>>> print(open('run.cif').read())   # mmCIF, N, CA and C atoms
data_coords
loop_
_atom_site.group_PDB
_atom_site.id
_atom_site.type_symbol
_atom_site.label_atom_id
_atom_site.label_comp_id
_atom_site.auth_asym_id
_atom_site.auth_seq_id
_atom_site.Cartn_x
_atom_site.Cartn_y
_atom_site.Cartn_z
ATOM 1 N N MET A 1 292.646 87.571 107.108
ATOM 2 C CA MET A 1 292.200 86.647 106.083
ATOM 3 C C MET A 1 290.915 87.210 105.471
ATOM 4 N N ARG A 2 290.827 87.177 104.176
ATOM 5 C CA ARG A 2 289.647 87.690 103.494
ATOM 6 C C ARG A 2 288.430 86.819 103.795
ATOM 7 N N LYS A 3 287.247 87.438 103.767
ATOM 8 C CA LYS A 3 286.024 86.691 104.067
ATOM 9 C C LYS A 3 285.711 85.628 103.019
ATOM 10 N N SER A 4 286.291 85.728 101.839
ATOM 11 C CA SER A 4 286.023 84.742 100.793
ATOM 12 C C SER A 4 287.038 83.601 100.796
ATOM 13 N N THR A 5 287.907 83.551 101.785
ATOM 14 C CA THR A 5 288.936 82.512 101.843
ATOM 15 C C THR A 5 288.398 81.268 102.546
ATOM 16 N N VAL A 6 288.624 80.117 101.929
ATOM 17 C CA VAL A 6 288.233 78.838 102.514
ATOM 18 C C VAL A 6 289.366 77.842 102.273
ATOM 19 N N LEU A 7 289.585 76.967 103.223
ATOM 20 C CA LEU A 7 290.580 75.904 103.072
ATOM 21 C C LEU A 7 289.844 74.634 102.680
ATOM 22 N N VAL A 8 290.237 74.029 101.567
ATOM 23 C CA VAL A 8 289.634 72.785 101.106
ATOM 24 C C VAL A 8 290.703 71.695 101.187
ATOM 25 N N LEU A 9 290.454 70.700 102.026
ATOM 26 C CA LEU A 9 291.370 69.574 102.207
ATOM 27 C C LEU A 9 290.761 68.359 101.516
ATOM 28 N N ILE A 10 291.495 67.788 100.581
ATOM 29 C CA ILE A 10 290.957 66.697 99.763
ATOM 30 C C ILE A 10 291.761 65.418 99.974
ATOM 31 N N ASP A 11 291.042 64.315 100.170
ATOM 32 C CA ASP A 11 291.630 62.967 100.230
ATOM 33 C C ASP A 11 292.692 62.798 101.301
ATOM 34 N N LEU A 12 292.382 63.163 102.524
ATOM 35 C CA LEU A 12 293.325 62.959 103.618
ATOM 36 C C LEU A 12 292.939 61.766 104.491
ATOM 37 N N GLN A 13 292.173 60.828 103.918
ATOM 38 C CA GLN A 13 291.796 59.648 104.682
ATOM 39 C C GLN A 13 292.927 58.624 104.683
ATOM 40 N N LYS A 14 292.839 57.654 105.587
ATOM 41 C CA LYS A 14 293.918 56.679 105.811
ATOM 42 C C LYS A 14 294.343 55.943 104.541
ATOM 43 N N GLY A 15 293.395 55.522 103.727
ATOM 44 C CA GLY A 15 293.738 54.769 102.516
ATOM 45 C C GLY A 15 294.605 55.555 101.552
ATOM 46 N N VAL A 16 294.313 56.812 101.400
ATOM 47 C CA VAL A 16 295.091 57.658 100.500
ATOM 48 C C VAL A 16 296.453 57.975 101.120
ATOM 49 N N LEU A 17 296.456 58.292 102.399
ATOM 50 C CA LEU A 17 297.717 58.626 103.067
ATOM 51 C C LEU A 17 298.645 57.420 103.202
ATOM 52 N N ALA A 18 298.114 56.212 103.051
ATOM 53 C CA ALA A 18 298.951 55.011 103.135
ATOM 54 C C ALA A 18 299.722 54.762 101.841
ATOM 55 N N MET A 19 299.319 55.427 100.760
ATOM 56 C CA MET A 19 300.006 55.241 99.479
ATOM 57 C C MET A 19 301.319 56.027 99.482
ATOM 58 N N PRO A 20 302.280 55.590 98.666
ATOM 59 C CA PRO A 20 303.547 56.328 98.596
ATOM 60 C C PRO A 20 303.330 57.695 97.956
ATOM 61 N N VAL A 21 303.804 58.731 98.598
ATOM 62 C CA VAL A 21 303.654 60.094 98.074
ATOM 63 C C VAL A 21 305.019 60.783 98.072
ATOM 64 N N ALA A 22 305.135 61.800 97.250
ATOM 65 C CA ALA A 22 306.378 62.563 97.159
ATOM 66 C C ALA A 22 306.016 63.997 96.774
ATOM 67 N N PRO A 23 306.747 64.972 97.113
ATOM 68 C CA PRO A 23 308.070 64.927 97.717
ATOM 69 C C PRO A 23 308.049 64.895 99.247
ATOM 70 N N HIS A 24 306.869 64.995 99.883
ATOM 71 C CA HIS A 24 306.795 65.017 101.345
ATOM 72 C C HIS A 24 306.087 63.760 101.850
ATOM 73 N N PRO A 25 306.515 63.233 102.987
ATOM 74 C CA PRO A 25 305.848 62.052 103.557
ATOM 75 C C PRO A 25 304.386 62.360 103.900
ATOM 76 N N ALA A 26 303.539 61.356 103.783
ATOM 77 C CA ALA A 26 302.110 61.536 104.042
ATOM 78 C C ALA A 26 301.847 62.034 105.456
ATOM 79 N N THR A 27 302.609 61.568 106.441
ATOM 80 C CA THR A 27 302.385 62.025 107.816
ATOM 81 C C THR A 27 302.642 63.524 107.941
ATOM 82 N N GLU A 28 303.640 64.006 107.239
ATOM 83 C CA GLU A 28 303.947 65.439 107.257
ATOM 84 C C GLU A 28 302.842 66.245 106.563
ATOM 85 N N VAL A 29 302.355 65.738 105.447
ATOM 86 C CA VAL A 29 301.266 66.414 104.733
ATOM 87 C C VAL A 29 300.039 66.511 105.634
ATOM 88 N N TYR A 30 299.704 65.408 106.305
ATOM 89 C CA TYR A 30 298.538 65.388 107.188
ATOM 90 C C TYR A 30 298.723 66.354 108.364
ATOM 91 N N GLN A 31 299.878 66.301 109.016
ATOM 92 C CA GLN A 31 300.128 67.186 110.160
ATOM 93 C C GLN A 31 300.059 68.660 109.757
ATOM 94 N N ARG A 32 300.672 68.996 108.652
ATOM 95 C CA ARG A 32 300.628 70.391 108.188
ATOM 96 C C ARG A 32 299.212 70.814 107.807
ATOM 97 N N SER A 33 298.472 69.901 107.226
ATOM 98 C CA SER A 33 297.087 70.207 106.863
ATOM 99 C C SER A 33 296.245 70.497 108.101
ATOM 100 N N MET A 34 296.437 69.696 109.151
ATOM 101 C CA MET A 34 295.682 69.911 110.384
ATOM 102 C C MET A 34 296.092 71.211 111.070
ATOM 103 N N GLN A 35 297.372 71.550 111.028
ATOM 104 C CA GLN A 35 297.837 72.818 111.599
ATOM 105 C C GLN A 35 297.236 73.997 110.834
ATOM 106 N N LEU A 36 297.224 73.876 109.520
ATOM 107 C CA LEU A 36 296.640 74.935 108.698
ATOM 108 C C LEU A 36 295.146 75.064 108.963
ATOM 109 N N ALA A 37 294.467 73.937 109.124
ATOM 110 C CA ALA A 37 293.030 73.949 109.429
ATOM 111 C C ALA A 37 292.776 74.654 110.763
ATOM 112 N N GLN A 38 293.612 74.401 111.768
ATOM 113 C CA GLN A 38 293.462 75.073 113.067
ATOM 114 C C GLN A 38 293.606 76.581 112.916
ATOM 115 N N ARG A 39 294.572 77.010 112.125
ATOM 116 C CA ARG A 39 294.790 78.446 111.915
ATOM 117 C C ARG A 39 293.607 79.083 111.183
ATOM 118 N N PHE A 40 293.060 78.385 110.198
ATOM 119 C CA PHE A 40 291.896 78.895 109.477
ATOM 120 C C PHE A 40 290.714 79.033 110.426
ATOM 121 N N ARG A 41 290.454 77.998 111.222
ATOM 122 C CA ARG A 41 289.328 78.046 112.160
ATOM 123 C C ARG A 41 289.514 79.163 113.188
ATOM 124 N N ALA A 42 290.736 79.343 113.668
ATOM 125 C CA ALA A 42 291.013 80.407 114.638
ATOM 126 C C ALA A 42 290.758 81.786 114.037
ATOM 127 N N ALA A 43 290.943 81.903 112.733
ATOM 128 C CA ALA A 43 290.702 83.177 112.045
ATOM 129 C C ALA A 43 289.247 83.322 111.607
ATOM 130 N N GLY A 44 288.426 82.312 111.905
ATOM 131 C CA GLY A 44 287.015 82.375 111.542
ATOM 132 C C GLY A 44 286.735 81.994 110.093
ATOM 133 N N ALA A 45 287.705 81.369 109.441
ATOM 134 C CA ALA A 45 287.524 80.959 108.045
ATOM 135 C C ALA A 45 287.060 79.506 107.995
ATOM 136 N N PRO A 46 286.216 79.182 107.026
ATOM 137 C CA PRO A 46 285.717 77.808 106.938
ATOM 138 C C PRO A 46 286.772 76.826 106.454
ATOM 139 N N VAL A 47 286.635 75.583 106.923
ATOM 140 C CA VAL A 47 287.488 74.477 106.498
ATOM 141 C C VAL A 47 286.569 73.382 105.975
ATOM 142 N N VAL A 48 286.816 72.932 104.752
ATOM 143 C CA VAL A 48 285.998 71.891 104.131
ATOM 144 C C VAL A 48 286.880 70.680 103.883
ATOM 145 N N ARG A 49 286.448 69.532 104.388
ATOM 146 C CA ARG A 49 287.187 68.283 104.164
ATOM 147 C C ARG A 49 286.395 67.449 103.161
ATOM 148 N N VAL A 50 287.050 67.088 102.060
ATOM 149 C CA VAL A 50 286.410 66.340 100.976
ATOM 150 C C VAL A 50 286.992 64.933 100.944
ATOM 151 N N ARG A 51 286.113 63.975 100.938
ATOM 152 C CA ARG A 51 286.537 62.571 100.832
ATOM 153 C C ARG A 51 285.904 61.985 99.586
ATOM 154 N N VAL A 52 286.727 61.620 98.632
ATOM 155 C CA VAL A 52 286.242 61.032 97.393
ATOM 156 C C VAL A 52 286.271 59.519 97.559
ATOM 157 N N SER A 53 285.156 58.868 97.248
ATOM 158 C CA SER A 53 285.117 57.408 97.357
ATOM 159 C C SER A 53 284.253 56.841 96.242
ATOM 160 N N PHE A 54 284.381 55.564 96.029
ATOM 161 C CA PHE A 54 283.651 54.878 94.970
ATOM 162 C C PHE A 54 283.029 53.603 95.520
ATOM 163 N N ALA A 55 282.134 53.021 94.745
ATOM 164 C CA ALA A 55 281.512 51.752 95.112
ATOM 165 C C ALA A 55 282.591 50.675 95.208
ATOM 166 N N GLY A 56 282.313 49.617 95.951
ATOM 167 C CA GLY A 56 283.277 48.541 96.148
ATOM 168 C C GLY A 56 283.776 47.920 94.860
ATOM 169 N N ASP A 57 282.934 47.892 93.826
ATOM 170 C CA ASP A 57 283.352 47.313 92.543
ATOM 171 C C ASP A 57 283.843 48.380 91.553
ATOM 172 N N PHE A 58 283.930 49.624 91.999
ATOM 173 C CA PHE A 58 284.427 50.757 91.212
ATOM 174 C C PHE A 58 283.617 51.051 89.951
ATOM 175 N N THR A 59 282.361 50.618 89.908
ATOM 176 C CA THR A 59 281.544 50.897 88.721
ATOM 177 C C THR A 59 281.265 52.382 88.549
ATOM 178 N N ASP A 60 281.360 53.145 89.599
ATOM 179 C CA ASP A 60 281.115 54.590 89.499
ATOM 180 C C ASP A 60 282.410 55.407 89.428
ATOM 181 N N ALA A 61 283.552 54.740 89.301
ATOM 182 C CA ALA A 61 284.844 55.437 89.228
ATOM 183 C C ALA A 61 285.078 55.968 87.824
ATOM 184 N N HIS A 62 285.882 57.014 87.735
ATOM 185 C CA HIS A 62 286.240 57.594 86.437
ATOM 186 C C HIS A 62 287.053 56.600 85.629
ATOM 187 N N ARG A 63 286.837 56.582 84.339
ATOM 188 C CA ARG A 63 287.554 55.658 83.457
ATOM 189 C C ARG A 63 288.688 56.348 82.698
ATOM 190 N N LEU A 64 288.717 57.644 82.699
ATOM 191 C CA LEU A 64 289.737 58.394 81.970
ATOM 192 C C LEU A 64 290.914 58.723 82.877
ATOM 193 N N PRO A 65 292.048 59.072 82.300
ATOM 194 C CA PRO A 65 293.171 59.529 83.144
ATOM 195 C C PRO A 65 292.889 60.949 83.631
ATOM 196 N N VAL A 66 292.020 61.083 84.632
ATOM 197 C CA VAL A 66 291.526 62.392 85.054
ATOM 198 C C VAL A 66 292.590 63.273 85.687
ATOM 199 N N ASP A 67 293.697 62.721 86.124
ATOM 200 C CA ASP A 67 294.730 63.525 86.754
ATOM 201 C C ASP A 67 295.840 63.946 85.796
ATOM 202 N N SER A 68 295.688 63.664 84.520
ATOM 203 C CA SER A 68 296.742 64.029 83.579
ATOM 204 C C SER A 68 296.756 65.540 83.375
ATOM 205 N N ALA A 69 297.917 66.076 83.098
ATOM 206 C CA ALA A 69 298.077 67.520 82.933
ATOM 207 C C ALA A 69 297.232 68.049 81.787
ATOM 208 N N ASP A 70 297.138 67.320 80.675
ATOM 209 C CA ASP A 70 296.342 67.793 79.539
ATOM 210 C C ASP A 70 294.875 67.950 79.895
ATOM 211 N N ARG A 71 294.331 67.005 80.649
ATOM 212 C CA ARG A 71 292.905 67.085 81.021
ATOM 213 C C ARG A 71 292.679 68.247 81.979
ATOM 214 N N LEU A 72 293.602 68.490 82.892
ATOM 215 C CA LEU A 72 293.439 69.582 83.841
ATOM 216 C C LEU A 72 293.556 70.940 83.164
ATOM 217 N N ARG A 73 294.403 71.026 82.158
ATOM 218 C CA ARG A 73 294.609 72.297 81.477
ATOM 219 C C ARG A 73 293.328 72.761 80.785
ATOM 220 N N PHE A 74 292.515 71.833 80.317
ATOM 221 C CA PHE A 74 291.321 72.208 79.560
ATOM 222 C C PHE A 74 290.038 72.061 80.379
ATOM 223 N N ALA A 75 290.156 71.751 81.650
ATOM 224 C CA ALA A 75 288.971 71.594 82.497
ATOM 225 C C ALA A 75 288.280 72.938 82.684
ATOM 226 N N PRO A 76 286.967 72.998 82.464
ATOM 227 C CA PRO A 76 286.250 74.269 82.659
ATOM 228 C C PRO A 76 286.173 74.617 84.137
ATOM 229 N N CYS A 77 286.222 75.879 84.424
ATOM 230 C CA CYS A 77 286.120 76.361 85.790
ATOM 231 C C CYS A 77 285.108 77.482 85.835
ATOM 232 N N ARG A 78 284.036 77.280 86.559
ATOM 233 C CA ARG A 78 283.003 78.304 86.675
ATOM 234 C C ARG A 78 282.830 78.666 88.130
ATOM 235 N N LEU A 79 282.949 79.921 88.435
ATOM 236 C CA LEU A 79 282.755 80.407 89.793
ATOM 237 C C LEU A 79 281.523 81.281 89.855
ATOM 238 N N GLY A 80 280.788 81.163 90.956
ATOM 239 C CA GLY A 80 279.647 82.067 91.183
ATOM 240 C C GLY A 80 278.411 81.736 90.501
#
>>> encode(input="run.cif", output="structure tokens")
Amino acid sequence: MRKSTVLVLIDLQKGVLAMPVAPHPATEVYQRSMQLAQRFRAAGAPVVRVRVSFAGDFTDAHRLPVDSADRLRFAPCRLG
């Protein structure tokens, strides 16, 4: 594994995994993610777990359809 490789796991908390997901069941996604994390750690690669959350009244939540394909296509990406 290259030294610049990192595994980033996003939104694997209970509330998100309880929602209906497709094409794979949430339990399978979680189990595979944990297996992959073990392999990364065994290889000495970092694993980062990200949990996105908002205030109870959602005043700090995004108001736009942030997951739409059009928004993702034009999202800026800066590395380094």
>>> resolve_selection(input="run.cif", expression="the PyMOL selection byres (((chain A and resi 53 and name CA) around 12) and name CA)", output="number ranges by chain")
A: 10-13, 15-16, 50-52, 54-62
>>> resolve_selection(input="run.cif", expression="the PyMOL selection byres ((chain A and resi 8) around 6)", output="PDB file with N, CA and C atoms, in the coordinates of the input")
ATOM      1  N   VAL A   6     288.624  80.117 101.929  1.00  0.00           N
ATOM      2  CA  VAL A   6     288.233  78.838 102.514  1.00  0.00           C
ATOM      3  C   VAL A   6     289.366  77.842 102.273  1.00  0.00           C
ATOM      4  N   LEU A   7     289.585  76.967 103.223  1.00  0.00           N
ATOM      5  CA  LEU A   7     290.580  75.904 103.072  1.00  0.00           C
ATOM      6  C   LEU A   7     289.844  74.634 102.680  1.00  0.00           C
ATOM      7  N   LEU A   9     290.454  70.700 102.026  1.00  0.00           N
ATOM      8  CA  LEU A   9     291.370  69.574 102.207  1.00  0.00           C
ATOM      9  C   LEU A   9     290.761  68.359 101.516  1.00  0.00           C
ATOM     10  N   ILE A  10     291.495  67.788 100.581  1.00  0.00           N
ATOM     11  CA  ILE A  10     290.957  66.697  99.763  1.00  0.00           C
ATOM     12  C   ILE A  10     291.761  65.418  99.974  1.00  0.00           C
ATOM     13  N   VAL A  47     286.635  75.583 106.923  1.00  0.00           N
ATOM     14  CA  VAL A  47     287.488  74.477 106.498  1.00  0.00           C
ATOM     15  C   VAL A  47     286.569  73.382 105.975  1.00  0.00           C
ATOM     16  N   VAL A  48     286.816  72.932 104.752  1.00  0.00           N
ATOM     17  CA  VAL A  48     285.998  71.891 104.131  1.00  0.00           C
ATOM     18  C   VAL A  48     286.880  70.680 103.883  1.00  0.00           C
ATOM     19  N   ARG A  49     286.448  69.532 104.388  1.00  0.00           N
ATOM     20  CA  ARG A  49     287.187  68.283 104.164  1.00  0.00           C
ATOM     21  C   ARG A  49     286.395  67.449 103.161  1.00  0.00           C
ATOM     22  N   VAL A  50     287.050  67.088 102.060  1.00  0.00           N
ATOM     23  CA  VAL A  50     286.410  66.340 100.976  1.00  0.00           C
ATOM     24  C   VAL A  50     286.992  64.933 100.944  1.00  0.00           C
TER      25      VAL A  50
END
>>> atom_distance(input="run.cif", atom1="CA of Thr5 in chain A", atom2="CA of Gln31 in chain A")
20.7 Å
>>> atom_distance(input="run.cif", atom1="atom C of Arg63 in chain A", atom2="atom C of Pro25 in chain A")
27.1 Å
>>> atom_distance(input="run.cif", atom1="atom N of Ala22 in chain A", atom2="CA of Phe40 in chain A")
24.8 Å
>>> axis_aligned_box(input="run.cif", around="range 31-43 of chain A", padding_each_side="6 Å", output="lines of an AutoDock Vina configuration file")
center_x = 295.0
center_y = 74.8
center_z = 110.8
size_x = 23.4
size_y = 29.0
size_z = 19.8
